[in-house]
file work_6.pdb (PDB, C-alpha atoms)
ATOM      1  CA  MET A1322       3.209  -5.357  -0.761  1.00  0.00           C
ATOM      2  CA  ILE A1323       1.806  -5.606  -4.304  1.00  0.00           C
ATOM      3  CA  ASP A1324       0.359  -8.924  -5.416  1.00  0.00           C
ATOM      4  CA  LEU A1325       1.324  -9.391  -9.060  1.00  0.00           C
ATOM      5  CA  HIS A1326      -1.546 -11.804  -9.716  1.00  0.00           C
ATOM      6  CA  GLY A1327      -5.119 -10.922 -10.659  1.00  0.00           C
ATOM      7  CA  LYS A1328      -6.566  -7.995 -12.578  1.00  0.00           C
ATOM      8  CA  TYR A1329      -4.761  -5.266 -10.631  1.00  0.00           C
ATOM      9  CA  GLY A1330      -1.475  -7.194 -10.540  1.00  0.00           C
ATOM     10  CA  LYS A1331      -1.511  -7.431 -14.345  1.00  0.00           C
ATOM     11  CA  ARG A1332      -2.371  -3.734 -14.609  1.00  0.00           C
ATOM     12  CA  PHE A1333       0.565  -2.930 -12.307  1.00  0.00           C
ATOM     13  CA  ILE A1334       2.984  -4.971 -14.461  1.00  0.00           C
ATOM     14  CA  VAL A1335       1.689  -3.408 -17.694  1.00  0.00           C
ATOM     15  CA  GLY A1336       2.051   0.073 -16.160  1.00  0.00           C
ATOM     16  CA  MET A1337       5.631  -0.582 -15.039  1.00  0.00           C
ATOM     17  CA  VAL A1338       6.647  -2.101 -18.411  1.00  0.00           C
ATOM     18  CA  VAL A1339       5.105   0.803 -20.354  1.00  0.00           C
ATOM     19  CA  TYR A1340       6.838   3.248 -17.976  1.00  0.00           C
ATOM     20  CA  ILE A1341      10.224   1.569 -18.527  1.00  0.00           C
ATOM     21  CA  ILE A1342       9.685   1.817 -22.302  1.00  0.00           C
ATOM     22  CA  LEU A1343       8.291   5.370 -22.350  1.00  0.00           C
ATOM     23  CA  LEU A1344      10.943   6.961 -20.125  1.00  0.00           C
ATOM     24  CA  PRO A1345      13.912   6.495 -22.524  1.00  0.00           C
ATOM     25  CA  VAL A1346      11.628   7.141 -25.528  1.00  0.00           C
ATOM     26  CA  SER A1347      10.546  10.445 -24.001  1.00  0.00           C
ATOM     27  CA  LEU A1348      14.138  11.449 -23.160  1.00  0.00           C
ATOM     28  CA  PHE A1349      15.274  10.486 -26.673  1.00  0.00           C
ATOM     29  CA  LEU A1350      12.503  12.457 -28.398  1.00  0.00           C
ATOM     30  CA  LEU A1351      13.208  15.543 -26.273  1.00  0.00           C
ATOM     31  CA  GLN A1352      16.718  15.641 -27.736  1.00  0.00           C
ATOM     32  CA  SER A1353      15.377  15.950 -31.297  1.00  0.00           C
ATOM     33  CA  GLU A1354      15.903  19.275 -33.047  1.00  0.00           C
ATOM     34  CA  PHE A1355      12.190  20.107 -33.221  1.00  0.00           C
ATOM     35  CA  LEU A1356      11.529  19.514 -29.518  1.00  0.00           C
ATOM     36  CA  SER A1357      14.804  20.783 -28.075  1.00  0.00           C
ATOM     37  CA  GLU A1358      14.822  24.173 -29.793  1.00  0.00           C
ATOM     38  CA  ARG A1359      11.175  24.977 -28.996  1.00  0.00           C
ATOM     39  CA  GLU A1360      11.007  27.910 -31.394  1.00  0.00           C
ATOM     40  CA  THR A1361       7.244  27.755 -31.859  1.00  0.00           C
ATOM     41  CA  ALA A1362       4.278  27.330 -29.530  1.00  0.00           C
ATOM     42  CA  VAL A1363       3.531  23.994 -31.201  1.00  0.00           C
ATOM     43  CA  SER A1364       7.005  22.606 -30.506  1.00  0.00           C
ATOM     44  CA  THR A1365       6.835  23.852 -26.883  1.00  0.00           C
ATOM     45  CA  ILE A1366       3.457  22.169 -26.316  1.00  0.00           C
ATOM     46  CA  ALA A1367       4.752  19.010 -28.023  1.00  0.00           C
ATOM     47  CA  ALA A1368       7.856  19.065 -25.772  1.00  0.00           C
ATOM     48  CA  VAL A1369       5.664  19.352 -22.663  1.00  0.00           C
ATOM     49  CA  LEU A1370       3.478  16.437 -23.797  1.00  0.00           C
ATOM     50  CA  VAL A1371       6.486  14.264 -24.656  1.00  0.00           C
ATOM     51  CA  ALA A1372       8.192  15.110 -21.342  1.00  0.00           C
ATOM     52  CA  LEU A1373       5.043  14.061 -19.472  1.00  0.00           C
ATOM     53  CA  LEU A1374       4.598  10.780 -21.404  1.00  0.00           C
ATOM     54  CA  PRO A1375       5.977   8.605 -18.545  1.00  0.00           C
ATOM     55  CA  VAL A1376       3.254  10.010 -16.242  1.00  0.00           C
ATOM     56  CA  VAL A1377       0.558   8.090 -18.189  1.00  0.00           C
ATOM     57  CA  PRO A1378       1.709   4.595 -17.042  1.00  0.00           C
ATOM     58  CA  PHE A1379       2.386   6.093 -13.603  1.00  0.00           C
ATOM     59  CA  LEU A1380      -1.378   6.806 -13.366  1.00  0.00           C
ATOM     60  CA  LEU A1381      -2.081   3.231 -14.483  1.00  0.00           C
ATOM     61  CA  VAL A1382       0.159   1.917 -11.682  1.00  0.00           C
ATOM     62  CA  MET A1383      -1.605   4.202  -9.199  1.00  0.00           C
ATOM     63  CA  THR A1384      -5.077   2.864 -10.114  1.00  0.00           C
ATOM     64  CA  ALA A1385      -3.717  -0.712  -9.887  1.00  0.00           C
ATOM     65  CA  VAL A1386      -2.347  -0.147  -6.369  1.00  0.00           C
ATOM     66  CA  VAL A1387      -5.512   1.597  -5.128  1.00  0.00           C
ATOM     67  CA  GLY A1388      -7.730  -1.095  -6.693  1.00  0.00           C
ATOM     68  CA  GLN A1389      -5.724  -3.857  -5.074  1.00  0.00           C
ATOM     69  CA  ILE A1390      -5.796  -2.217  -1.635  1.00  0.00           C
ATOM     70  CA  ARG A1391      -9.586  -1.855  -1.896  1.00  0.00           C
ATOM     71  CA  GLU A1392      -9.839  -5.624  -2.271  1.00  0.00           C
ATOM     72  CA  ARG A1393      -7.656  -6.370   0.770  1.00  0.00           C
ATOM     73  CA  ASP A1394      -9.078  -7.327   4.162  1.00  0.00           C
ATOM     74  CA  GLU A1395      -9.445  -4.821   7.012  1.00  0.00           C
ATOM     75  CA  LEU A1396      -6.047  -5.446   8.666  1.00  0.00           C
ATOM     76  CA  LYS A1397      -4.182  -5.121   5.362  1.00  0.00           C
ATOM     77  CA  LYS A1398      -6.026  -1.845   4.739  1.00  0.00           C
ATOM     78  CA  ARG A1399      -4.941  -0.599   8.158  1.00  0.00           C
ATOM     79  CA  ILE A1400      -1.325  -1.600   7.457  1.00  0.00           C
ATOM     80  CA  HIS A1401      -1.420   0.351   4.197  1.00  0.00           C
ATOM     81  CA  LEU A1402      -2.999   3.351   5.911  1.00  0.00           C
ATOM     82  CA  GLU A1403      -0.309   3.424   8.607  1.00  0.00           C
ATOM     83  CA  ALA A1404       2.427   2.971   5.983  1.00  0.00           C
ATOM     84  CA  VAL A1405       1.010   5.827   3.909  1.00  0.00           C
ATOM     85  CA  LEU A1406       0.834   8.073   7.006  1.00  0.00           C
ATOM     86  CA  ILE A1407       4.467   7.321   7.875  1.00  0.00           C
ATOM     87  CA  THR A1408       5.461   7.985   4.256  1.00  0.00           C
ATOM     88  CA  THR A1409       3.541  11.272   4.156  1.00  0.00           C
ATOM     89  CA  PHE A1410       5.010  12.596   7.404  1.00  0.00           C
ATOM     90  CA  LEU A1411       8.543  11.405   6.631  1.00  0.00           C
ATOM     91  CA  THR A1412       8.571  12.772   3.075  1.00  0.00           C
ATOM     92  CA  GLY A1413       6.775  15.959   4.105  1.00  0.00           C
ATOM     93  CA  GLY A1414       9.069  16.522   7.095  1.00  0.00           C
ATOM     94  CA  LEU A1415      12.252  15.818   5.171  1.00  0.00           C
ATOM     95  CA  THR A1416      11.356  17.860   2.072  1.00  0.00           C
ATOM     96  CA  PHE A1417      10.131  20.748   4.230  1.00  0.00           C
ATOM     97  CA  SER A1418      13.296  20.697   6.346  1.00  0.00           C
ATOM     98  CA  TYR A1419      15.483  20.465   3.244  1.00  0.00           C
ATOM     99  CA  GLY A1420      13.476  23.294   1.678  1.00  0.00           C
ATOM    100  CA  LEU A1421      14.227  25.516   4.680  1.00  0.00           C
ATOM    101  CA  LEU A1422      17.946  24.726   4.428  1.00  0.00           C
ATOM    102  CA  GLU A1423      17.809  25.251   0.659  1.00  0.00           C
ATOM    103  CA  ALA A1424      16.130  28.654   1.073  1.00  0.00           C
ATOM    104  CA  SER A1425      18.902  29.629   3.497  1.00  0.00           C
ATOM    105  CA  GLY A1426      21.510  28.638   0.920  1.00  0.00           C
ATOM    106  CA  LEU A1427      23.030  26.071   3.281  1.00  0.00           C
ATOM    107  CA  VAL A1428      22.525  23.078   0.981  1.00  0.00           C
ATOM    108  CA  PRO A1429      22.497  22.645  -2.815  1.00  0.00           C
ATOM    109  CA  ASP A1430      19.204  22.615  -4.756  1.00  0.00           C
ATOM    110  CA  LEU A1431      17.748  19.167  -5.364  1.00  0.00           C
ATOM    111  CA  PRO A1432      15.502  18.291  -8.341  1.00  0.00           C
ATOM    112  CA  PHE A1433      11.819  17.545  -7.588  1.00  0.00           C
ATOM    113  CA  ILE A1434      12.085  14.313  -9.604  1.00  0.00           C
ATOM    114  CA  ILE A1435      13.732  12.478  -6.695  1.00  0.00           C
ATOM    115  CA  ILE A1436      10.676  12.913  -4.418  1.00  0.00           C
ATOM    116  CA  ALA A1437       8.433  10.259  -6.066  1.00  0.00           C
ATOM    117  CA  PRO A1438      11.035   7.429  -6.018  1.00  0.00           C
ATOM    118  CA  PHE A1439      11.919   8.416  -2.436  1.00  0.00           C
ATOM    119  CA  MET A1440       8.244   8.217  -1.416  1.00  0.00           C
ATOM    120  CA  ILE A1441       7.809   4.814  -3.072  1.00  0.00           C
ATOM    121  CA  MET A1442      10.932   3.532  -1.310  1.00  0.00           C
ATOM    122  CA  VAL A1443       9.770   4.812   2.116  1.00  0.00           C
ATOM    123  CA  TRP A1444       6.271   3.399   1.486  1.00  0.00           C
ATOM    124  CA  GLY A1445       7.762  -0.039   0.755  1.00  0.00           C
ATOM    125  CA  VAL A1446       9.928  -0.009   3.895  1.00  0.00           C
ATOM    126  CA  ALA A1447       7.093   1.368   6.069  1.00  0.00           C
ATOM    127  CA  ASN A1448       4.721  -1.304   4.744  1.00  0.00           C
ATOM    128  CA  ALA A1449       7.172  -4.071   5.629  1.00  0.00           C
ATOM    129  CA  VAL A1450       7.850  -2.638   9.115  1.00  0.00           C
ATOM    130  CA  VAL A1451       4.152  -2.095   9.993  1.00  0.00           C
ATOM    131  CA  SER A1452       3.195  -5.495   8.563  1.00  0.00           C
ATOM    132  CA  GLN A1453       5.929  -7.120  10.666  1.00  0.00           C
ATOM    133  CA  TRP A1454       4.616  -5.363  13.782  1.00  0.00           C
ATOM    134  CA  TYR A1455       1.140  -6.877  13.321  1.00  0.00           C
ATOM    135  CA  GLY A1456       2.807 -10.293  12.830  1.00  0.00           C
TER     136      GLY A1456
ATOM    137  CA  MET B 499      -9.715  -6.223  23.931  1.00  0.00           C
ATOM    138  CA  LYS B 500      -9.133  -9.812  25.044  1.00  0.00           C
ATOM    139  CA  ASN B 501     -10.391 -12.773  23.044  1.00  0.00           C
ATOM    140  CA  ARG B 502     -10.640 -16.572  23.116  1.00  0.00           C
ATOM    141  CA  LEU B 503     -10.002 -17.048  19.416  1.00  0.00           C
ATOM    142  CA  LYS B 504      -6.931 -19.244  19.830  1.00  0.00           C
ATOM    143  CA  ILE B 505      -8.698 -21.566  22.314  1.00  0.00           C
ATOM    144  CA  LEU B 506     -11.832 -21.863  20.190  1.00  0.00           C
ATOM    145  CA  ARG B 507      -9.733 -22.540  17.096  1.00  0.00           C
ATOM    146  CA  ALA B 508      -7.670 -25.178  18.911  1.00  0.00           C
ATOM    147  CA  GLU B 509     -10.839 -26.913  20.164  1.00  0.00           C
ATOM    148  CA  ARG B 510     -11.839 -27.399  16.548  1.00  0.00           C
ATOM    149  CA  ASN B 511      -8.368 -28.378  15.352  1.00  0.00           C
ATOM    150  CA  TRP B 512      -8.372 -25.554  12.852  1.00  0.00           C
ATOM    151  CA  SER B 513      -5.202 -23.912  11.661  1.00  0.00           C
ATOM    152  CA  GLN B 514      -5.032 -20.133  11.359  1.00  0.00           C
ATOM    153  CA  GLU B 515      -5.258 -20.656   7.606  1.00  0.00           C
ATOM    154  CA  ASP B 516      -8.494 -22.702   8.020  1.00  0.00           C
ATOM    155  CA  LEU B 517     -10.092 -19.990  10.132  1.00  0.00           C
ATOM    156  CA  ALA B 518      -8.893 -17.252   7.787  1.00  0.00           C
ATOM    157  CA  GLU B 519     -10.554 -19.061   4.896  1.00  0.00           C
ATOM    158  CA  ARG B 520     -13.851 -19.361   6.814  1.00  0.00           C
ATOM    159  CA  LEU B 521     -13.744 -15.661   7.676  1.00  0.00           C
ATOM    160  CA  ASP B 522     -12.550 -14.572   4.223  1.00  0.00           C
ATOM    161  CA  VAL B 523      -9.561 -12.703   5.656  1.00  0.00           C
ATOM    162  CA  SER B 524      -5.795 -13.239   5.533  1.00  0.00           C
ATOM    163  CA  ARG B 525      -3.935 -15.546   7.934  1.00  0.00           C
ATOM    164  CA  GLN B 526      -2.087 -12.455   9.154  1.00  0.00           C
ATOM    165  CA  THR B 527      -5.406 -10.954  10.280  1.00  0.00           C
ATOM    166  CA  VAL B 528      -6.321 -14.061  12.294  1.00  0.00           C
ATOM    167  CA  ASN B 529      -2.837 -14.096  13.842  1.00  0.00           C
ATOM    168  CA  ALA B 530      -2.992 -10.379  14.754  1.00  0.00           C
ATOM    169  CA  ILE B 531      -6.429 -10.828  16.403  1.00  0.00           C
ATOM    170  CA  GLU B 532      -5.252 -13.873  18.347  1.00  0.00           C
ATOM    171  CA  ARG B 533      -2.173 -12.020  19.592  1.00  0.00           C
ATOM    172  CA  GLU B 534      -4.468  -9.107  20.524  1.00  0.00           C
ATOM    173  CA  LYS B 535      -2.502  -6.719  18.370  1.00  0.00           C
ATOM    174  CA  TYR B 536      -5.578  -5.899  16.341  1.00  0.00           C
ATOM    175  CA  ASP B 537      -9.238  -5.577  17.328  1.00  0.00           C
ATOM    176  CA  PRO B 538     -11.566  -6.697  14.522  1.00  0.00           C
ATOM    177  CA  SER B 539     -14.307  -4.480  13.143  1.00  0.00           C
ATOM    178  CA  LEU B 540     -17.873  -5.139  14.318  1.00  0.00           C
ATOM    179  CA  PRO B 541     -18.846  -6.961  11.059  1.00  0.00           C
ATOM    180  CA  LEU B 542     -15.793  -9.226  11.370  1.00  0.00           C
ATOM    181  CA  ALA B 543     -16.493  -9.847  15.075  1.00  0.00           C
ATOM    182  CA  PHE B 544     -20.053 -10.920  14.142  1.00  0.00           C
ATOM    183  CA  LYS B 545     -18.618 -13.195  11.456  1.00  0.00           C
ATOM    184  CA  ILE B 546     -16.243 -14.756  14.017  1.00  0.00           C
ATOM    185  CA  ALA B 547     -19.171 -15.290  16.403  1.00  0.00           C
ATOM    186  CA  ALA B 548     -21.165 -16.953  13.611  1.00  0.00           C
ATOM    187  CA  VAL B 549     -18.269 -19.245  12.647  1.00  0.00           C
ATOM    188  CA  PHE B 550     -17.818 -20.390  16.264  1.00  0.00           C
ATOM    189  CA  GLN B 551     -21.594 -20.323  16.898  1.00  0.00           C
ATOM    190  CA  GLN B 552     -21.157 -18.357  20.115  1.00  0.00           C
ATOM    191  CA  PRO B 553     -22.307 -14.894  21.229  1.00  0.00           C
ATOM    192  CA  ILE B 554     -19.735 -12.119  20.643  1.00  0.00           C
ATOM    193  CA  GLU B 555     -19.380 -11.441  24.384  1.00  0.00           C
ATOM    194  CA  GLU B 556     -18.351 -15.071  24.911  1.00  0.00           C
ATOM    195  CA  ILE B 557     -15.442 -14.565  22.522  1.00  0.00           C
ATOM    196  CA  PHE B 558     -14.437 -10.947  23.107  1.00  0.00           C
ATOM    197  CA  THR B 559     -14.148  -9.216  26.481  1.00  0.00           C
ATOM    198  CA  PRO B 560     -12.993  -5.677  27.292  1.00  0.00           C
ATOM    199  CA  ASP B 561      -9.526  -5.221  28.868  1.00  0.00           C
TER     200      ASP B 561
END
call {"tool": "encode", "arguments": {"input": "work_6.pdb", "output": "structure tokens"}}
result
Amino acid sequence: MIDLHGKYGKRFIVGMVVYIILLPVSLFLLQSEFLSERETAVSTIAAVLVALLPVVPFLLVMTAVVGQIRERDELKKRIHLEAVLITTFLTGGLTFSYGLLEASGLVPDLPFIIIAPFMIMVWGVANAVVSQWYG
Amino acid sequence: MKNRLKILRAERNWSQEDLAERLDVSRQTVNAIEREKYDPSLPLAFKIAAVFQQPIEEIFTPD
């Protein structure tokens, strides 16, 4: 799915490593007295920035994946397109359906944070399935 | 679309990998074209014709 060699492969690895480091750092800092109490506008803004720290390497990973797909040949691009379409419809359909059930009070609320890992997982599976179909 | 890629490749004793290298695509792409699961773009079809030194219509025919 992702080739870990070359310019974009290295960028992907760097992004993932920085993400793995920043996530616990961000969670740790948010527990500090200054950021957790948020008594001033400054501490609130600082808390928002610290909470969003892991998004920075996420953007790096995104540019690495897009850059790598741009360099692929036409069939590989088609495989990625089909995988992304499957991921979009599956995630959209499931989250929309769950949202309807949630609004009706039939199921418990789920945090938004699970959507991104779910999408990445579906994208990986869809990529493997579509790639297998083309042989 | 039907094609004679596999025959033309076999006549030259080329592996799918050899042809992929000449066309600057992946082996999977050559395999998918040969199995008629994927129709190449016009630029790639022209490239295939150039590699085999044959007109496109001699290699690809409509279903």
call {"tool": "resolve_selection", "arguments": {"input": "work_6.pdb", "expression": "the PyMOL selection byres ((chain A) within 7 of (chain B))", "output": "PyMOL selection string"}}
result
chain A and resi 1394+1396+1455-1456
call {"tool": "atom_distance", "arguments": {"input": "work_6.pdb", "atom1": "CA of Asp1430 in chain A", "atom2": "CA of Pro1345 in chain A"}}
result
24.6 Å
call {"tool": "atom_distance", "arguments": {"input": "work_6.pdb", "atom1": "CA of Leu1374 in chain A", "atom2": "CA of Ile1323 in chain A"}}
result
23.8 Å
call {"tool": "atom_distance", "arguments": {"input": "work_6.pdb", "atom1": "CA of Lys500 in chain B", "atom2": "CA of Ala518 in chain B"}}
result
18.8 Å
call {"tool": "resolve_selection", "arguments": {"input": "work_6.pdb", "expression": "the PyMOL selection byres ((chain A and resi 1444) around 12)", "output": "VMD selection string"}}
result
chain A and resid 1322 to 1323 1400 to 1412 1437 to 1443 1445 to 1452
call {"tool": "axis_aligned_box", "arguments": {"input": "work_6.pdb", "around": "range 1398-1414 of chain A", "padding_each_side": "6 Å", "output": "JSON"}}
result
{"center_x": 1.5, "center_y": 7.3, "center_z": 5.8, "size_x": 27.1, "size_y": 30.4, "size_z": 17.5}
call {"tool": "closest_residue", "arguments": {"input": "work_6.pdb", "among": "B:Lys545, B:Leu540, B:Glu532, B:Glu555", "to": "Leu503 in chain B", "atoms": "only C-alpha atoms"}}
result
B:Glu532
call {"tool": "resolve_selection", "arguments": {"input": "work_6.pdb", "expression": "the PyMOL selection byres ((chain A and resi 1379-1391) around 8)", "output": "JSON list (two decimals) with C-alpha atoms, keeping the file's coordinate frame"}}
result
[["chain", "number", "residue", "atom", "x", "y", "z"],
["A", 1323, "ILE", "CA", 1.81, -5.61, -4.30],
["A", 1324, "ASP", "CA", 0.36, -8.92, -5.42],
["A", 1329, "TYR", "CA", -4.76, -5.27, -10.63],
["A", 1330, "GLY", "CA", -1.48, -7.19, -10.54],
["A", 1332, "ARG", "CA", -2.37, -3.73, -14.61],
["A", 1333, "PHE", "CA", 0.56, -2.93, -12.31],
["A", 1334, "ILE", "CA", 2.98, -4.97, -14.46],
["A", 1336, "GLY", "CA", 2.05, 0.07, -16.16],
["A", 1337, "MET", "CA", 5.63, -0.58, -15.04],
["A", 1340, "TYR", "CA", 6.84, 3.25, -17.98],
["A", 1375, "PRO", "CA", 5.98, 8.60, -18.55],
["A", 1376, "VAL", "CA", 3.25, 10.01, -16.24],
["A", 1377, "VAL", "CA", 0.56, 8.09, -18.19],
["A", 1378, "PRO", "CA", 1.71, 4.60, -17.04],
["A", 1392, "GLU", "CA", -9.84, -5.62, -2.27],
["A", 1393, "ARG", "CA", -7.66, -6.37, 0.77],
["A", 1397, "LYS", "CA", -4.18, -5.12, 5.36],
["A", 1398, "LYS", "CA", -6.03, -1.84, 4.74],
["A", 1401, "HIS", "CA", -1.42, 0.35, 4.20]]
call {"tool": "residues_around", "arguments": {"input": "work_6.pdb", "residues": "Phe558 in chain B", "least_positions_apart": "4", "cutoff": "8 Å", "atoms": "all atoms listed in the file", "output": "VMD selection string"}}
result
chain B and resid 499 to 502 554
call {"tool": "closest_residue", "arguments": {"input": "work_6.pdb", "among": "B:Asp561, B:Ile505, B:Ser513, B:Leu521", "to": "Val549 in chain B", "atoms": "all atoms listed in the file"}}
result
B:Leu521
call {"tool": "decode", "arguments": {"input": "work_6.pdb", "residues": "chain B", "atoms": "C-alpha atoms", "output": "mmCIF file, in the first residue's frame"}}
result
data_model
loop_
_atom_site.group_PDB
_atom_site.id
_atom_site.type_symbol
_atom_site.label_atom_id
_atom_site.label_comp_id
_atom_site.auth_asym_id
_atom_site.auth_seq_id
_atom_site.Cartn_x
_atom_site.Cartn_y
_atom_site.Cartn_z
ATOM 1 C CA MET B 499 -11.196 -4.665 -25.107
ATOM 2 C CA LYS B 500 -9.262 -7.705 -26.324
ATOM 3 C CA ASN B 501 -5.504 -7.648 -26.793
ATOM 4 C CA ARG B 502 -2.589 -9.763 -28.030
ATOM 5 C CA LEU B 503 -0.146 -8.596 -25.386
ATOM 6 C CA LYS B 504 0.565 -12.045 -23.964
ATOM 7 C CA ILE B 505 1.254 -13.534 -27.427
ATOM 8 C CA LEU B 506 3.491 -10.657 -28.493
ATOM 9 C CA ARG B 507 5.382 -10.839 -25.204
ATOM 10 C CA ALA B 508 5.821 -14.610 -25.513
ATOM 11 C CA GLU B 509 7.131 -14.246 -29.087
ATOM 12 C CA ARG B 510 9.913 -12.088 -27.704
ATOM 13 C CA ASN B 511 10.571 -14.269 -24.663
ATOM 14 C CA TRP B 512 9.922 -11.353 -22.362
ATOM 15 C CA SER B 513 8.647 -11.802 -18.850
ATOM 16 C CA GLN B 514 5.904 -9.534 -17.533
ATOM 17 C CA GLU B 515 8.616 -7.820 -15.504
ATOM 18 C CA ASP B 516 10.683 -7.178 -18.689
ATOM 19 C CA LEU B 517 7.713 -5.624 -20.460
ATOM 20 C CA ALA B 518 6.755 -3.600 -17.391
ATOM 21 C CA GLU B 519 10.265 -2.163 -17.297
ATOM 22 C CA ARG B 520 10.107 -1.207 -20.998
ATOM 23 C CA LEU B 521 6.738 0.472 -20.473
ATOM 24 C CA ASP B 522 7.708 2.083 -17.157
ATOM 25 C CA VAL B 523 4.721 0.569 -15.349
ATOM 26 C CA SER B 524 4.327 -2.075 -12.641
ATOM 27 C CA ARG B 525 4.208 -5.816 -13.377
ATOM 28 C CA GLN B 526 0.683 -5.780 -11.953
ATOM 29 C CA THR B 527 -0.367 -3.354 -14.700
ATOM 30 C CA VAL B 528 1.005 -5.610 -17.451
ATOM 31 C CA ASN B 529 -0.714 -8.616 -15.857
ATOM 32 C CA ALA B 530 -4.064 -6.787 -15.552
ATOM 33 C CA ILE B 531 -3.913 -5.694 -19.227
ATOM 34 C CA GLU B 532 -3.033 -9.207 -20.378
ATOM 35 C CA ARG B 533 -5.916 -10.694 -18.393
ATOM 36 C CA GLU B 534 -8.166 -7.989 -19.889
ATOM 37 C CA LYS B 535 -9.151 -6.753 -16.466
ATOM 38 C CA TYR B 536 -7.838 -3.302 -17.253
ATOM 39 C CA ASP B 537 -7.824 -1.283 -20.478
ATOM 40 C CA PRO B 538 -4.736 0.940 -20.745
ATOM 41 C CA SER B 539 -4.960 4.675 -21.318
ATOM 42 C CA LEU B 540 -4.332 5.962 -24.851
ATOM 43 C CA PRO B 541 -0.752 7.139 -24.025
ATOM 44 C CA LEU B 542 0.078 3.712 -22.570
ATOM 45 C CA ALA B 543 -1.515 1.936 -25.556
ATOM 46 C CA PHE B 544 0.696 4.031 -27.883
ATOM 47 C CA LYS B 545 3.716 3.125 -25.760
ATOM 48 C CA ILE B 546 2.811 -0.583 -26.017
ATOM 49 C CA ALA B 547 2.465 -0.233 -29.799
ATOM 50 C CA ALA B 548 5.881 1.451 -29.974
ATOM 51 C CA VAL B 549 7.536 -1.254 -27.850
ATOM 52 C CA PHE B 550 6.127 -4.025 -30.071
ATOM 53 C CA GLN B 551 6.574 -1.906 -33.230
ATOM 54 C CA GLN B 552 3.034 -2.636 -34.386
ATOM 55 C CA PRO B 553 -0.012 -0.425 -35.006
ATOM 56 C CA ILE B 554 -2.378 -0.131 -32.010
ATOM 57 C CA GLU B 555 -5.232 -1.829 -33.895
ATOM 58 C CA GLU B 556 -3.018 -4.883 -34.429
ATOM 59 C CA ILE B 557 -2.644 -5.236 -30.666
ATOM 60 C CA PHE B 558 -5.992 -4.037 -29.328
ATOM 61 C CA THR B 559 -9.414 -4.890 -30.754
ATOM 62 C CA PRO B 560 -12.873 -3.946 -29.467
ATOM 63 C CA ASP B 561 -14.979 -6.667 -27.772
#
